[in-house]
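Structure data (PDB, C-alpha atoms) from target-v8.pdb:
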```
MODEL        1
ATOM      1  CA  MET A 298       0.000   0.000   0.000  1.00  0.00           C
ATOM      2  CA  PRO A 299       1.458   3.413  -0.925  1.00  0.00           C
ATOM      3  CA  VAL A 300       2.544   5.635   1.966  1.00  0.00           C
ATOM      4  CA  SER A 301       0.012   8.343   1.018  1.00  0.00           C
ATOM      5  CA  ARG A 302      -2.895   5.871   1.313  1.00  0.00           C
ATOM      6  CA  VAL A 303      -1.606   4.604   4.679  1.00  0.00           C
ATOM      7  CA  PHE A 304      -1.262   8.178   5.936  1.00  0.00           C
ATOM      8  CA  ARG A 305      -4.773   9.038   4.691  1.00  0.00           C
ATOM      9  CA  SER A 306      -6.224   5.911   6.378  1.00  0.00           C
ATOM     10  CA  VAL A 307      -4.490   6.688   9.676  1.00  0.00           C
ATOM     11  CA  ALA A 308      -5.667  10.307   9.499  1.00  0.00           C
ATOM     12  CA  GLN A 309      -9.261   9.165   8.902  1.00  0.00           C
ATOM     13  CA  VAL A 310      -9.118   6.853  11.927  1.00  0.00           C
ATOM     14  CA  PHE A 311      -7.825   9.675  14.144  1.00  0.00           C
ATOM     15  CA  LEU A 312     -10.501  12.032  12.844  1.00  0.00           C
ATOM     16  CA  ALA A 313     -13.219   9.466  13.526  1.00  0.00           C
ATOM     17  CA  LEU A 314     -11.907   8.912  17.070  1.00  0.00           C
ATOM     18  CA  PHE A 315     -11.785  12.660  17.697  1.00  0.00           C
ATOM     19  CA  LEU A 316     -15.373  13.131  16.546  1.00  0.00           C
ATOM     20  CA  VAL A 317     -16.704  10.187  18.563  1.00  0.00           C
ATOM     21  CA  THR A 318     -14.822  11.272  21.689  1.00  0.00           C
ATOM     22  CA  GLY A 319     -15.964  14.878  21.324  1.00  0.00           C
ATOM     23  CA  VAL A 320     -19.621  13.966  20.870  1.00  0.00           C
ATOM     24  CA  THR A 321     -19.752  11.442  23.693  1.00  0.00           C
ATOM     25  CA  SER A 322     -17.858  13.640  26.143  1.00  0.00           C
ATOM     26  CA  GLY A 323     -20.209  16.568  25.576  1.00  0.00           C
ATOM     27  CA  THR A 324     -17.522  18.936  24.335  1.00  0.00           C
ATOM     28  CA  VAL A 325     -19.268  19.307  20.998  1.00  0.00           C
ATOM     29  CA  ALA A 326     -22.803  19.215  22.392  1.00  0.00           C
ATOM     30  CA  GLN A 327     -24.965  22.312  22.280  1.00  0.00           C
ATOM     31  CA  ASP A 328     -28.308  23.313  23.754  1.00  0.00           C
ATOM     32  CA  ASP A 329     -30.569  21.366  21.434  1.00  0.00           C
ATOM     33  CA  GLY A 330     -33.556  23.551  22.299  1.00  0.00           C
ATOM     34  CA  LYS A 331     -35.499  20.649  23.792  1.00  0.00           C
ATOM     35  CA  ARG A 332     -37.312  21.590  26.944  1.00  0.00           C
ATOM     36  CA  LEU A 333     -38.885  19.352  29.560  1.00  0.00           C
ATOM     37  CA  ARG A 334     -42.496  19.588  30.640  1.00  0.00           C
ATOM     38  CA  THR A 335     -43.201  22.609  32.802  1.00  0.00           C
ATOM     39  CA  GLU A 336     -45.392  23.334  35.802  1.00  0.00           C
ATOM     40  CA  PRO A 337     -45.988  26.128  38.293  1.00  0.00           C
ATOM     41  CA  LEU A 338     -43.974  26.078  41.524  1.00  0.00           C
ATOM     42  CA  THR A 339     -44.317  28.284  44.596  1.00  0.00           C
ATOM     43  CA  VAL A 340     -41.939  29.193  47.374  1.00  0.00           C
ATOM     44  CA  GLU A 341     -43.594  30.345  50.592  1.00  0.00           C
ATOM     45  CA  SER A 342     -41.239  32.620  52.497  1.00  0.00           C
ATOM     46  CA  ALA A 343     -41.837  34.581  55.673  1.00  0.00           C
ATOM     47  CA  GLU A 344     -43.341  37.536  53.863  1.00  0.00           C
ATOM     48  CA  LYS A 345     -44.296  36.472  50.347  1.00  0.00           C
ATOM     49  CA  THR A 346     -45.310  33.776  47.930  1.00  0.00           C
ATOM     50  CA  HIS A 347     -42.879  33.541  45.015  1.00  0.00           C
ATOM     51  CA  ARG A 348     -44.134  31.950  41.800  1.00  0.00           C
ATOM     52  CA  PHE A 349     -42.010  30.272  39.152  1.00  0.00           C
ATOM     53  CA  THR A 350     -42.485  28.127  36.067  1.00  0.00           C
ATOM     54  CA  VAL A 351     -40.119  25.180  36.234  1.00  0.00           C
ATOM     55  CA  GLU A 352     -39.051  22.432  33.895  1.00  0.00           C
ATOM     56  CA  VAL A 353     -39.291  19.102  35.678  1.00  0.00           C
ATOM     57  CA  ALA A 354     -36.372  16.652  35.472  1.00  0.00           C
ATOM     58  CA  VAL A 355     -37.481  13.226  36.699  1.00  0.00           C
ATOM     59  CA  SER A 356     -35.505  10.576  34.815  1.00  0.00           C
ATOM     60  CA  ALA A 357     -31.769  10.004  35.297  1.00  0.00           C
ATOM     61  CA  PRO A 358     -30.932  11.340  31.792  1.00  0.00           C
ATOM     62  CA  GLU A 359     -33.055  14.463  32.385  1.00  0.00           C
ATOM     63  CA  ARG A 360     -31.395  15.084  35.751  1.00  0.00           C
ATOM     64  CA  SER A 361     -27.926  14.475  34.282  1.00  0.00           C
ATOM     65  CA  ARG A 362     -28.490  17.018  31.512  1.00  0.00           C
ATOM     66  CA  GLY A 363     -30.203  19.610  33.713  1.00  0.00           C
ATOM     67  CA  LEU A 364     -29.493  23.123  32.500  1.00  0.00           C
ATOM     68  CA  MET A 365     -26.232  22.219  30.766  1.00  0.00           C
ATOM     69  CA  PHE A 366     -25.490  24.294  27.672  1.00  0.00           C
ATOM     70  CA  ARG A 367     -28.305  26.782  28.405  1.00  0.00           C
ATOM     71  CA  GLU A 368     -27.178  30.339  27.921  1.00  0.00           C
ATOM     72  CA  GLU A 369     -30.280  32.098  29.217  1.00  0.00           C
ATOM     73  CA  MET A 370     -33.331  31.534  31.358  1.00  0.00           C
ATOM     74  CA  ALA A 371     -36.246  33.856  32.070  1.00  0.00           C
ATOM     75  CA  ALA A 372     -36.300  35.523  35.503  1.00  0.00           C
ATOM     76  CA  ASP A 373     -39.301  33.505  36.729  1.00  0.00           C
ATOM     77  CA  ASP A 374     -38.176  30.178  35.260  1.00  0.00           C
ATOM     78  CA  GLY A 375     -36.173  27.360  36.782  1.00  0.00           C
ATOM     79  CA  MET A 376     -35.655  23.627  36.850  1.00  0.00           C
ATOM     80  CA  LEU A 377     -36.929  21.201  39.481  1.00  0.00           C
ATOM     81  CA  PHE A 378     -35.050  17.926  39.908  1.00  0.00           C
ATOM     82  CA  ILE A 379     -37.038  15.097  41.468  1.00  0.00           C
ATOM     83  CA  PHE A 380     -35.343  12.086  43.047  1.00  0.00           C
ATOM     84  CA  GLU A 381     -36.991   8.830  44.111  1.00  0.00           C
ATOM     85  CA  LYS A 382     -35.802   9.096  47.710  1.00  0.00           C
ATOM     86  CA  GLU A 383     -34.430  11.693  50.052  1.00  0.00           C
ATOM     87  CA  GLY A 384     -30.634  11.622  50.403  1.00  0.00           C
ATOM     88  CA  ASP A 385     -27.436  13.622  50.225  1.00  0.00           C
ATOM     89  CA  ARG A 386     -27.232  15.426  46.873  1.00  0.00           C
ATOM     90  CA  TYR A 387     -24.186  16.686  45.009  1.00  0.00           C
ATOM     91  CA  PHE A 388     -24.485  18.962  41.982  1.00  0.00           C
ATOM     92  CA  TRP A 389     -21.907  20.658  39.774  1.00  0.00           C
ATOM     93  CA  MET A 390     -21.880  23.258  37.046  1.00  0.00           C
ATOM     94  CA  LYS A 391     -20.006  21.341  34.338  1.00  0.00           C
ATOM     95  CA  ASN A 392     -21.066  22.571  30.872  1.00  0.00           C
ATOM     96  CA  THR A 393     -23.468  25.079  32.472  1.00  0.00           C
ATOM     97  CA  PRO A 394     -22.840  28.673  31.348  1.00  0.00           C
ATOM     98  CA  LEU A 395     -25.603  30.142  33.540  1.00  0.00           C
ATOM     99  CA  PRO A 396     -24.712  31.097  37.115  1.00  0.00           C
ATOM    100  CA  LEU A 397     -27.387  29.545  39.317  1.00  0.00           C
ATOM    101  CA  ASP A 398     -28.805  29.376  42.820  1.00  0.00           C
ATOM    102  CA  ILE A 399     -29.099  25.684  43.702  1.00  0.00           C
ATOM    103  CA  ILE A 400     -31.778  25.118  46.326  1.00  0.00           C
ATOM    104  CA  TYR A 401     -31.919  21.770  48.142  1.00  0.00           C
ATOM    105  CA  ILE A 402     -35.348  20.731  49.444  1.00  0.00           C
ATOM    106  CA  ASP A 403     -36.314  17.849  51.748  1.00  0.00           C
ATOM    107  CA  ALA A 404     -39.173  15.377  51.199  1.00  0.00           C
ATOM    108  CA  ALA A 405     -41.573  17.617  53.163  1.00  0.00           C
ATOM    109  CA  GLY A 406     -40.874  20.555  50.822  1.00  0.00           C
ATOM    110  CA  LYS A 407     -38.706  22.544  53.237  1.00  0.00           C
ATOM    111  CA  ILE A 408     -35.543  24.245  51.958  1.00  0.00           C
ATOM    112  CA  VAL A 409     -32.544  22.682  53.741  1.00  0.00           C
ATOM    113  CA  SER A 410     -29.746  24.630  52.026  1.00  0.00           C
ATOM    114  CA  ILE A 411     -29.021  27.120  49.265  1.00  0.00           C
ATOM    115  CA  ALA A 412     -25.855  27.309  47.168  1.00  0.00           C
ATOM    116  CA  ALA A 413     -26.107  30.873  45.898  1.00  0.00           C
ATOM    117  CA  ASP A 414     -24.369  32.310  42.845  1.00  0.00           C
ATOM    118  CA  THR A 415     -22.660  29.125  41.680  1.00  0.00           C
ATOM    119  CA  THR A 416     -19.729  29.378  39.285  1.00  0.00           C
ATOM    120  CA  PRO A 417     -20.474  28.578  35.618  1.00  0.00           C
ATOM    121  CA  PHE A 418     -18.598  25.582  34.162  1.00  0.00           C
ATOM    122  CA  SER A 419     -17.164  24.585  37.564  1.00  0.00           C
ATOM    123  CA  GLU A 420     -16.596  20.885  38.186  1.00  0.00           C
ATOM    124  CA  GLN A 421     -16.447  21.395  41.946  1.00  0.00           C
ATOM    125  CA  THR A 422     -19.210  19.451  43.695  1.00  0.00           C
ATOM    126  CA  ILE A 423     -21.851  21.420  45.558  1.00  0.00           C
ATOM    127  CA  PRO A 424     -23.261  19.308  48.421  1.00  0.00           C
ATOM    128  CA  SER A 425     -26.744  19.617  49.862  1.00  0.00           C
ATOM    129  CA  GLY A 426     -25.407  19.455  53.418  1.00  0.00           C
ATOM    130  CA  ALA A 427     -28.623  17.694  54.479  1.00  0.00           C
ATOM    131  CA  PRO A 428     -30.889  15.039  52.967  1.00  0.00           C
ATOM    132  CA  ALA A 429     -32.880  16.368  49.998  1.00  0.00           C
ATOM    133  CA  LYS A 430     -35.443  14.820  47.674  1.00  0.00           C
ATOM    134  CA  TYR A 431     -35.804  17.844  45.393  1.00  0.00           C
ATOM    135  CA  VAL A 432     -33.409  20.376  43.940  1.00  0.00           C
ATOM    136  CA  LEU A 433     -34.516  23.685  42.461  1.00  0.00           C
ATOM    137  CA  GLU A 434     -32.247  25.682  40.163  1.00  0.00           C
ATOM    138  CA  LEU A 435     -32.975  29.372  39.646  1.00  0.00           C
ATOM    139  CA  ASN A 436     -30.979  32.195  38.089  1.00  0.00           C
ATOM    140  CA  ALA A 437     -28.147  33.328  40.364  1.00  0.00           C
ATOM    141  CA  GLY A 438     -29.190  36.007  42.809  1.00  0.00           C
ATOM    142  CA  THR A 439     -32.887  35.115  42.750  1.00  0.00           C
ATOM    143  CA  SER A 440     -32.862  33.721  46.301  1.00  0.00           C
ATOM    144  CA  ALA A 441     -31.248  36.848  47.740  1.00  0.00           C
ATOM    145  CA  GLU A 442     -33.360  39.255  45.679  1.00  0.00           C
ATOM    146  CA  ARG A 443     -36.618  37.643  46.785  1.00  0.00           C
ATOM    147  CA  GLY A 444     -35.647  36.770  50.332  1.00  0.00           C
ATOM    148  CA  ILE A 445     -35.880  33.002  49.774  1.00  0.00           C
ATOM    149  CA  ALA A 446     -34.168  31.268  52.701  1.00  0.00           C
ATOM    150  CA  VAL A 447     -33.525  27.976  54.465  1.00  0.00           C
ATOM    151  CA  GLY A 448     -36.752  26.882  56.145  1.00  0.00           C
ATOM    152  CA  ASP A 449     -39.046  28.269  53.432  1.00  0.00           C
ATOM    153  CA  THR A 450     -41.527  25.843  51.873  1.00  0.00           C
ATOM    154  CA  VAL A 451     -41.589  24.828  48.214  1.00  0.00           C
ATOM    155  CA  SER A 452     -44.512  23.155  46.449  1.00  0.00           C
ATOM    156  CA  SER A 453     -45.552  22.023  42.997  1.00  0.00           C
ATOM    157  CA  ALA A 454     -47.830  19.390  41.501  1.00  0.00           C
ATOM    158  CA  SER A 455     -44.922  16.963  41.032  1.00  0.00           C
ATOM    159  CA  MET A 456     -43.828  17.393  44.625  1.00  0.00           C
ATOM    160  CA  THR A 457     -47.303  16.725  46.028  1.00  0.00           C
ATOM    161  CA  GLY A 458     -48.125  13.922  43.618  1.00  0.00           C
ATOM    162  CA  GLU A 459     -51.009  15.741  41.943  1.00  0.00           C
TER     163      GLU A 459
ENDMDL
END
```
Whole structure, structure tokens version:
Amino acid sequence: MPVSRVFRSVAQVFLALFLVTGVTSGTVAQDDGKRLRTEPLTVESAEKTHRFTVEVAVSAPERSRGLMFREEMAADDGMLFIFEKEGDRYFWMKNTPLPLDIIYIDAAGKIVSIAADTTPFSEQTIPSGAPAKYVLELNAGTSAERGIAVGDTVSSASMTGE
């Protein structure tokens, strides 16, 4: 086989490996525009009721993808992650360009911790610090701006089983 054909074949193999690795690792992935089903969610704080429209991530693939690759989100929007059981939760911001407030919520709907103003693209884990069944992601600063705090109550149809 001529050297030029061998070189071309080797180059094609490396290109194929690069493309497969890039696609499967998420480095080439983009926000595909697909959105999950939405529902209203409320946060009852000491002084106010705060209303949001949230996408609901229930399955493992939906929770894994979360808000990755999203570059914008409306002020009153968010994402609610629902887990089968209450437990320690660990989130990160890998492939997430939006700074977020990550709100951990127990099975009774009470906020147990808030990780405010998370760092976009960070791979550092962000622990719940207490058992949580639900996790709510809002735009960074929303919790502080609206006075949402640990101990407030969160509810939605998915959380109450309606």
| message | Under the PyMOL selection byres ((chain A and resi 417) around 10), which residues of this model are included? Write them out as a VMD selection string. | response | chain A and resid 365 389 to 397 414 to 416 418 to 420
| said: Considering all atoms listed in the file, can you say which of A:Ile379, A:Val451, A:Ala372, A:Met456 comes closest to Thr346 (chain A)? | reply: A:Val451
| Selection dump of the PyMOL selection byres ((chain A and resi 338) around 9), as an MDAnalysis selection string | chainID A and resid 336:337 339:340 347:351 377 451:454
Please produce a file of the residues just selected, as a PDB file, in the frame of the given file, where the atoms kept are C-alpha atoms.
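Below is the file that was written, out_29.pdb:
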```pdb
ATOM      1  CA  GLU A 336     -45.392  23.334  35.802  1.00  0.00           C
ATOM      2  CA  PRO A 337     -45.988  26.128  38.293  1.00  0.00           C
ATOM      3  CA  THR A 339     -44.317  28.284  44.596  1.00  0.00           C
ATOM      4  CA  VAL A 340     -41.939  29.193  47.374  1.00  0.00           C
ATOM      5  CA  HIS A 347     -42.879  33.541  45.015  1.00  0.00           C
ATOM      6  CA  ARG A 348     -44.134  31.950  41.800  1.00  0.00           C
ATOM      7  CA  PHE A 349     -42.010  30.272  39.152  1.00  0.00           C
ATOM      8  CA  THR A 350     -42.485  28.127  36.067  1.00  0.00           C
ATOM      9  CA  VAL A 351     -40.119  25.180  36.234  1.00  0.00           C
ATOM     10  CA  LEU A 377     -36.929  21.201  39.481  1.00  0.00           C
ATOM     11  CA  VAL A 451     -41.589  24.828  48.214  1.00  0.00           C
ATOM     12  CA  SER A 452     -44.512  23.155  46.449  1.00  0.00           C
ATOM     13  CA  SER A 453     -45.552  22.023  42.997  1.00  0.00           C
ATOM     14  CA  ALA A 454     -47.830  19.390  41.501  1.00  0.00           C
TER      15      ALA A 454
END
```
| query | For Asn436 (chain A), which residue among A:Lys382, A:Lys407, A:Arg367, A:Arg332 is the nearest when counting all atoms listed in the file? | reply |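 The shortest atom-to-atom distance to Asn436 (chain A) comes from A:Arg367.
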| task | Could you tell me which residues the PyMOL selection byres ((chain A and resi 449) around 9) grabs in this file, written as a list of chain:residue names? | result |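 Evaluating the PyMOL selection byres ((chain A and resi 449) around 9) on these coordinates yields A:Val340, A:Glu341, A:Ser342, A:Ala343, A:Gly406, A:Lys407, A:Ile408, A:Val409, A:Ile445, A:Ala446, A:Val447, A:Gly448, A:Thr450, A:Val451.
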| query | Taking into account all atoms listed in the file, which residue in the set A:Ser361, A:Ser455, A:Ser425, A:Ser356 is nearest to Asp385 (chain A)? | reply | A:Ser425
| query | Counting only C-alpha atoms, what is within 7 Å of Ala404 (chain A), bar same-chain residues fewer than 4 positions away, as a PyMOL selection string? | reply | chain A and resi 383+429-430
| request: Can you work out which one of A:Ile399, A:Gly438, A:Lys331, A:Leu433 has the shortest atom-to-atom distance to Phe366 (chain A), counting only C-alpha atoms? | output: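 Checking each of A:Ile399, A:Gly438, A:Lys331, A:Leu433 against Phe366 (chain A), counting only C-alpha atoms, the winner is A:Lys331.
Rounded to one decimal, CA of Ser440 (chain A) and CA of Pro428 (chain A) lie 19.9 Å from each other.
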Box along x, y and z, 5 Å on every side, all listed atoms of region 362-377 of chain A inside: centre and edge lengths in Å to one decimal, as JSON.
```
{"center_x": -32.4, "center_y": 26.3, "center_z": 33.6, "size_x": 23.8, "size_y": 28.5, "size_z": 21.8}
```
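The coordinates place CA of Asp398 (chain A) at 12.8 Å from CA of Pro424 (chain A).
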| field | Selected residue, from A:Leu435, A:Phe388, A:Gly458, A:Val355, that lies nearest to Asp373 (chain A) when counting all atoms listed in the file | value |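 Among A:Leu435, A:Phe388, A:Gly458, A:Val355, it is A:Leu435 that comes nearest to Asp373 (chain A).
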| request: Could you check which of A:Met376, A:Ala357, A:Glu434, A:Arg386 is closest to Thr422 (chain A), using all atoms listed in the file? | output: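 The answer is A:Arg386, which sits nearest to Thr422 (chain A).
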| task | Enter the distance from CA of Ile402 (chain A) to CA of Val432 (chain A), in Å, rounded to one decimal. | result |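 About the pair CA of Ile402 (chain A) and CA of Val432 (chain A): they are 5.8 Å apart.
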Can I get N, CA and C atoms for region 366-401 of chain A, as a PDB file, in the first residue's frame?
```pdb
ATOM      1  N   PHE A 366     -25.527  23.653  28.978  1.00  0.00           N
ATOM      2  CA  PHE A 366     -25.490  24.294  27.672  1.00  0.00           C
ATOM      3  C   PHE A 366     -26.521  25.418  27.501  1.00  0.00           C
ATOM      4  N   ARG A 367     -27.346  25.683  28.498  1.00  0.00           N
ATOM      5  CA  ARG A 367     -28.305  26.782  28.405  1.00  0.00           C
ATOM      6  C   ARG A 367     -27.588  28.097  28.646  1.00  0.00           C
ATOM      7  N   GLU A 368     -27.842  29.050  27.793  1.00  0.00           N
ATOM      8  CA  GLU A 368     -27.178  30.339  27.921  1.00  0.00           C
ATOM      9  C   GLU A 368     -28.079  31.413  28.510  1.00  0.00           C
ATOM     10  N   GLU A 369     -29.369  31.127  28.611  1.00  0.00           N
ATOM     11  CA  GLU A 369     -30.280  32.098  29.217  1.00  0.00           C
ATOM     12  C   GLU A 369     -31.494  31.386  29.779  1.00  0.00           C
ATOM     13  N   MET A 370     -32.118  32.054  30.751  1.00  0.00           N
ATOM     14  CA  MET A 370     -33.331  31.534  31.358  1.00  0.00           C
ATOM     15  C   MET A 370     -34.116  32.735  31.875  1.00  0.00           C
ATOM     16  N   ALA A 371     -35.405  32.743  31.634  1.00  0.00           N
ATOM     17  CA  ALA A 371     -36.246  33.856  32.070  1.00  0.00           C
ATOM     18  C   ALA A 371     -36.187  34.003  33.592  1.00  0.00           C
ATOM     19  N   ALA A 372     -36.426  35.206  34.078  1.00  0.00           N
ATOM     20  CA  ALA A 372     -36.300  35.523  35.503  1.00  0.00           C
ATOM     21  C   ALA A 372     -37.189  34.656  36.392  1.00  0.00           C
ATOM     22  N   ASP A 373     -38.365  34.292  35.920  1.00  0.00           N
ATOM     23  CA  ASP A 373     -39.301  33.505  36.729  1.00  0.00           C
ATOM     24  C   ASP A 373     -39.317  32.032  36.346  1.00  0.00           C
ATOM     25  N   ASP A 374     -38.285  31.585  35.645  1.00  0.00           N
ATOM     26  CA  ASP A 374     -38.176  30.178  35.260  1.00  0.00           C
ATOM     27  C   ASP A 374     -37.133  29.481  36.121  1.00  0.00           C
ATOM     28  N   GLY A 375     -37.153  28.155  36.053  1.00  0.00           N
ATOM     29  CA  GLY A 375     -36.173  27.360  36.782  1.00  0.00           C
ATOM     30  C   GLY A 375     -36.283  25.910  36.370  1.00  0.00           C
ATOM     31  N   MET A 376     -35.569  25.065  37.083  1.00  0.00           N
ATOM     32  CA  MET A 376     -35.655  23.627  36.850  1.00  0.00           C
ATOM     33  C   MET A 376     -35.758  22.935  38.195  1.00  0.00           C
ATOM     34  N   LEU A 377     -36.719  22.001  38.281  1.00  0.00           N
ATOM     35  CA  LEU A 377     -36.929  21.201  39.481  1.00  0.00           C
ATOM     36  C   LEU A 377     -36.469  19.780  39.200  1.00  0.00           C
ATOM     37  N   PHE A 378     -35.545  19.287  40.013  1.00  0.00           N
ATOM     38  CA  PHE A 378     -35.050  17.926  39.908  1.00  0.00           C
ATOM     39  C   PHE A 378     -35.758  17.088  40.967  1.00  0.00           C
ATOM     40  N   ILE A 379     -36.315  15.962  40.547  1.00  0.00           N
ATOM     41  CA  ILE A 379     -37.038  15.097  41.468  1.00  0.00           C
ATOM     42  C   ILE A 379     -36.314  13.754  41.561  1.00  0.00           C
ATOM     43  N   PHE A 380     -35.999  13.360  42.791  1.00  0.00           N
ATOM     44  CA  PHE A 380     -35.343  12.086  43.047  1.00  0.00           C
ATOM     45  C   PHE A 380     -36.336  11.133  43.709  1.00  0.00           C
ATOM     46  N   GLU A 381     -36.083   9.837  43.568  1.00  0.00           N
ATOM     47  CA  GLU A 381     -36.991   8.830  44.111  1.00  0.00           C
ATOM     48  C   GLU A 381     -37.051   8.883  45.631  1.00  0.00           C
ATOM     49  N   LYS A 382     -35.891   9.089  46.253  1.00  0.00           N
ATOM     50  CA  LYS A 382     -35.802   9.096  47.710  1.00  0.00           C
ATOM     51  C   LYS A 382     -35.005  10.305  48.179  1.00  0.00           C
ATOM     52  N   GLU A 383     -35.206  10.637  49.424  1.00  0.00           N
ATOM     53  CA  GLU A 383     -34.430  11.693  50.052  1.00  0.00           C
ATOM     54  C   GLU A 383     -33.014  11.168  50.326  1.00  0.00           C
ATOM     55  N   GLY A 384     -32.020  12.011  50.142  1.00  0.00           N
ATOM     56  CA  GLY A 384     -30.634  11.622  50.403  1.00  0.00           C
ATOM     57  C   GLY A 384     -29.706  12.800  50.199  1.00  0.00           C
ATOM     58  N   ASP A 385     -28.424  12.581  50.467  1.00  0.00           N
ATOM     59  CA  ASP A 385     -27.436  13.622  50.225  1.00  0.00           C
ATOM     60  C   ASP A 385     -27.327  13.846  48.723  1.00  0.00           C
ATOM     61  N   ARG A 386     -27.305  15.077  48.300  1.00  0.00           N
ATOM     62  CA  ARG A 386     -27.232  15.426  46.873  1.00  0.00           C
ATOM     63  C   ARG A 386     -25.958  16.218  46.616  1.00  0.00           C
ATOM     64  N   TYR A 387     -25.402  15.998  45.437  1.00  0.00           N
ATOM     65  CA  TYR A 387     -24.186  16.686  45.009  1.00  0.00           C
ATOM     66  C   TYR A 387     -24.391  17.127  43.566  1.00  0.00           C
ATOM     67  N   PHE A 388     -24.342  18.415  43.330  1.00  0.00           N
ATOM     68  CA  PHE A 388     -24.485  18.962  41.982  1.00  0.00           C
ATOM     69  C   PHE A 388     -23.175  19.607  41.587  1.00  0.00           C
ATOM     70  N   TRP A 389     -23.045  19.911  40.289  1.00  0.00           N
ATOM     71  CA  TRP A 389     -21.907  20.658  39.774  1.00  0.00           C
ATOM     72  C   TRP A 389     -22.382  21.479  38.605  1.00  0.00           C
ATOM     73  N   MET A 390     -21.514  22.324  38.100  1.00  0.00           N
ATOM     74  CA  MET A 390     -21.880  23.258  37.046  1.00  0.00           C
ATOM     75  C   MET A 390     -21.195  22.939  35.710  1.00  0.00           C
ATOM     76  N   LYS A 391     -20.685  21.729  35.571  1.00  0.00           N
ATOM     77  CA  LYS A 391     -20.006  21.341  34.338  1.00  0.00           C
ATOM     78  C   LYS A 391     -20.909  21.617  33.142  1.00  0.00           C
ATOM     79  N   ASN A 392     -20.356  22.252  32.120  1.00  0.00           N
ATOM     80  CA  ASN A 392     -21.066  22.571  30.872  1.00  0.00           C
ATOM     81  C   ASN A 392     -22.284  23.470  31.083  1.00  0.00           C
ATOM     82  N   THR A 393     -22.329  24.193  32.182  1.00  0.00           N
ATOM     83  CA  THR A 393     -23.468  25.079  32.472  1.00  0.00           C
ATOM     84  C   THR A 393     -22.982  26.529  32.486  1.00  0.00           C
ATOM     85  N   PRO A 394     -23.310  27.286  31.430  1.00  0.00           N
ATOM     86  CA  PRO A 394     -22.840  28.673  31.348  1.00  0.00           C
ATOM     87  C   PRO A 394     -23.615  29.648  32.233  1.00  0.00           C
ATOM     88  N   LEU A 395     -24.796  29.256  32.701  1.00  0.00           N
ATOM     89  CA  LEU A 395     -25.603  30.142  33.540  1.00  0.00           C
ATOM     90  C   LEU A 395     -25.161  30.059  34.995  1.00  0.00           C
ATOM     91  N   PRO A 396     -24.897  31.166  35.663  1.00  0.00           N
ATOM     92  CA  PRO A 396     -24.712  31.097  37.115  1.00  0.00           C
ATOM     93  C   PRO A 396     -26.083  30.829  37.750  1.00  0.00           C
ATOM     94  N   LEU A 397     -26.109  29.973  38.747  1.00  0.00           N
ATOM     95  CA  LEU A 397     -27.387  29.545  39.317  1.00  0.00           C
ATOM     96  C   LEU A 397     -27.379  29.627  40.839  1.00  0.00           C
ATOM     97  N   ASP A 398     -28.579  29.684  41.411  1.00  0.00           N
ATOM     98  CA  ASP A 398     -28.805  29.376  42.820  1.00  0.00           C
ATOM     99  C   ASP A 398     -29.307  27.937  42.818  1.00  0.00           C
ATOM    100  N   ILE A 399     -28.670  27.078  43.592  1.00  0.00           N
ATOM    101  CA  ILE A 399     -29.099  25.684  43.702  1.00  0.00           C
ATOM    102  C   ILE A 399     -29.718  25.518  45.084  1.00  0.00           C
ATOM    103  N   ILE A 400     -31.005  25.183  45.087  1.00  0.00           N
ATOM    104  CA  ILE A 400     -31.778  25.118  46.326  1.00  0.00           C
ATOM    105  C   ILE A 400     -32.132  23.662  46.606  1.00  0.00           C
ATOM    106  N   TYR A 401     -31.668  23.155  47.749  1.00  0.00           N
ATOM    107  CA  TYR A 401     -31.919  21.770  48.142  1.00  0.00           C
ATOM    108  C   TYR A 401     -33.136  21.733  49.060  1.00  0.00           C
TER     109      TYR A 401
END
```
